[in-house]
Amino acid sequence: MSAHCQLTGARPGFGNRVSHSHRRTSRRFDPNIQRKRYWLPSEGRYVRLTLSARAVKTIDTIGVEAAVARIRARGVKV
C-alpha cells in the first residue's frame, strides 16, 4: 500500500535523523494512512478509500459524497 492519502494528497516527508553525536542519516515521516470503507448512497455501493487520519475527520465533517467528489476532481478513480 502506498503511503499517500486519496483525499488530501498527504505523502511521506523526508528529513534527517540526528543522533546524540549530531551525525545525520535519512529518515521519512509517514502520514497516518488507514483503509476505510464507506457506503456511497448515490451509487448504492461501498467504496474503499486510503485516507490519512486527518482526512477521516474531514469526511466526518463534509460527508462522504462531497469527499468522493473532491477525490474525483483530483483525477483519482474511485
# chains A, B, ... in the order shown; residues from 1 in each chain; ligands from 1
call {"tool": "residues_around", "arguments": {"residues": "Ala55 in chain A", "least_positions_apart": "3", "cutoff": "10 Å", "atoms": "only C-alpha atoms", "output": "number ranges by chain"}}
result
A: 5-10, 32-34, 50-52, 58-61, 67
call {"tool": "write_last_selection", "arguments": {"atoms": "N, CA and C atoms", "output": "JSON list (two decimals), in the first residue's frame"}}
result
[["chain", "number", "residue", "atom", "x", "y", "z"],
["A", 5, "CYS", "N", -2.52, 9.77, 0.76],
["A", 5, "CYS", "CA", -3.94, 9.91, 1.03],
["A", 5, "CYS", "C", -4.67, 10.31, -0.26],
["A", 6, "GLN", "N", -5.80, 9.65, -0.53],
["A", 6, "GLN", "CA", -6.55, 9.96, -1.74],
["A", 6, "GLN", "C", -7.26, 11.30, -1.64],
["A", 7, "LEU", "N", -7.64, 11.73, -0.45],
["A", 7, "LEU", "CA", -8.39, 12.98, -0.30],
["A", 7, "LEU", "C", -7.48, 14.19, -0.18],
["A", 8, "THR", "N", -6.53, 14.15, 0.74],
["A", 8, "THR", "CA", -5.69, 15.32, 0.99],
["A", 8, "THR", "C", -4.40, 15.32, 0.18],
["A", 9, "GLY", "N", -4.02, 14.15, -0.35],
["A", 9, "GLY", "CA", -2.77, 14.06, -1.10],
["A", 9, "GLY", "C", -1.55, 14.01, -0.21],
["A", 10, "ALA", "N", -1.73, 13.76, 1.09],
["A", 10, "ALA", "CA", -0.59, 13.71, 2.02],
["A", 10, "ALA", "C", 0.34, 12.57, 1.62],
["A", 32, "ASN", "N", -0.30, 9.11, 8.71],
["A", 32, "ASN", "CA", -1.06, 8.05, 9.36],
["A", 32, "ASN", "C", -2.15, 7.57, 8.39],
["A", 33, "ILE", "N", -1.82, 6.57, 7.56],
["A", 33, "ILE", "CA", -2.69, 6.11, 6.49],
["A", 33, "ILE", "C", -3.55, 4.94, 6.97],
["A", 34, "GLN", "N", -4.85, 5.02, 6.70],
["A", 34, "GLN", "CA", -5.82, 3.98, 7.07],
["A", 34, "GLN", "C", -6.65, 3.63, 5.84],
["A", 50, "THR", "N", -8.21, 5.02, 0.75],
["A", 50, "THR", "CA", -6.96, 5.08, 1.50],
["A", 50, "THR", "C", -6.82, 6.51, 1.98],
["A", 51, "LEU", "N", -6.95, 6.71, 3.29],
["A", 51, "LEU", "CA", -7.05, 8.06, 3.85],
["A", 51, "LEU", "C", -6.09, 8.27, 5.00],
["A", 52, "SER", "N", -5.68, 9.52, 5.18],
["A", 52, "SER", "CA", -4.93, 9.87, 6.38],
["A", 52, "SER", "C", -5.94, 10.08, 7.51],
["A", 58, "THR", "N", -12.11, 14.87, 8.16],
["A", 58, "THR", "CA", -12.69, 15.75, 7.15],
["A", 58, "THR", "C", -13.96, 15.12, 6.58],
["A", 59, "ILE", "N", -13.94, 13.83, 6.32],
["A", 59, "ILE", "CA", -15.13, 13.15, 5.80],
["A", 59, "ILE", "C", -16.25, 13.18, 6.83],
["A", 60, "ASP", "N", -15.92, 13.06, 8.11],
["A", 60, "ASP", "CA", -16.94, 13.17, 9.16],
["A", 60, "ASP", "C", -17.61, 14.54, 9.11],
["A", 61, "THR", "N", -16.87, 15.57, 8.72],
["A", 61, "THR", "CA", -17.39, 16.93, 8.67],
["A", 61, "THR", "C", -18.18, 17.21, 7.39],
["A", 67, "ALA", "N", -16.70, 14.30, -0.26],
["A", 67, "ALA", "CA", -15.31, 13.83, -0.25],
["A", 67, "ALA", "C", -14.99, 13.07, -1.53]]
call {"tool": "closest_residue", "arguments": {"among": "A:Val18, A:Ala53, A:Val68, A:Val78", "to": "Pro31 in chain A", "atoms": "only C-alpha atoms"}}
result
A:Ala53
call {"tool": "select_by_dssp", "arguments": {"residues": "chain A", "states": "strand (DSSP E)", "output": "ChimeraX atom specification"}}
result
/A:13-18,24-29,33-40,45-52
call {"tool": "write_last_selection", "arguments": {"atoms": "C-alpha atoms", "output": "PDB file, in the first residue's frame"}}
result
ATOM      1  CA  GLY A  13       8.043  13.821   4.126  1.00  0.00           C
ATOM      2  CA  PHE A  14      11.787  13.329   4.244  1.00  0.00           C
ATOM      3  CA  GLY A  15      14.380  14.582   6.660  1.00  0.00           C
ATOM      4  CA  ASN A  16      17.289  13.563   8.810  1.00  0.00           C
ATOM      5  CA  ARG A  17      17.613  11.504  11.942  1.00  0.00           C
ATOM      6  CA  VAL A  18      20.105  13.350  14.147  1.00  0.00           C
ATOM      7  CA  ARG A  24      22.713  12.747  10.211  1.00  0.00           C
ATOM      8  CA  THR A  25      21.056   9.835   8.427  1.00  0.00           C
ATOM      9  CA  SER A  26      17.990   9.815   6.198  1.00  0.00           C
ATOM     10  CA  ARG A  27      14.509   9.145   7.543  1.00  0.00           C
ATOM     11  CA  ARG A  28      10.956   9.557   6.375  1.00  0.00           C
ATOM     12  CA  PHE A  29       7.890  10.937   8.123  1.00  0.00           C
ATOM     13  CA  ILE A  33      -2.693   6.106   6.492  1.00  0.00           C
ATOM     14  CA  GLN A  34      -5.818   3.984   7.066  1.00  0.00           C
ATOM     15  CA  ARG A  35      -8.035   1.949   4.695  1.00  0.00           C
ATOM     16  CA  LYS A  36     -11.696   2.806   5.307  1.00  0.00           C
ATOM     17  CA  ARG A  37     -14.866   1.533   3.670  1.00  0.00           C
ATOM     18  CA  TYR A  38     -17.755   3.977   3.225  1.00  0.00           C
ATOM     19  CA  TRP A  39     -21.281   3.459   1.908  1.00  0.00           C
ATOM     20  CA  LEU A  40     -21.911   5.693  -1.103  1.00  0.00           C
ATOM     21  CA  ARG A  45     -22.261   0.613  -3.216  1.00  0.00           C
ATOM     22  CA  TYR A  46     -19.338   0.701  -0.822  1.00  0.00           C
ATOM     23  CA  VAL A  47     -16.093   2.467  -1.698  1.00  0.00           C
ATOM     24  CA  ARG A  48     -12.773   1.632  -0.087  1.00  0.00           C
ATOM     25  CA  LEU A  49     -10.562   4.690   0.398  1.00  0.00           C
ATOM     26  CA  THR A  50      -6.959   5.080   1.501  1.00  0.00           C
ATOM     27  CA  LEU A  51      -7.052   8.060   3.848  1.00  0.00           C
ATOM     28  CA  SER A  52      -4.928   9.874   6.378  1.00  0.00           C
TER      29      SER A  52
END
call {"tool": "atom_distance", "arguments": {"atom1": "CA of Glu65 in chain A", "atom2": "CA of Pro41 in chain A"}}
result
8.1 Å
call {"tool": "select_by_dssp", "arguments": {"residues": "chain A", "states": "helix (DSSP H, G or I)", "output": "list in words"}}
result
Ala53, Arg54, Ala55, Val56, Lys57, Thr58, Ile59, Asp60, Thr61, Ile62, Val64, Glu65, Ala66, Ala67, Val68, Ala69, Arg70, Ile71, Arg72 and Ala73 of chain A
call {"tool": "atom_distance", "arguments": {"atom1": "CA of Arg70 in chain A", "atom2": "CA of Asp30 in chain A"}}
result
22.6 Å
call {"tool": "atom_distance", "arguments": {"atom1": "CA of Gly44 in chain A", "atom2": "CA of Lys57 in chain A"}}
result
22.8 Å
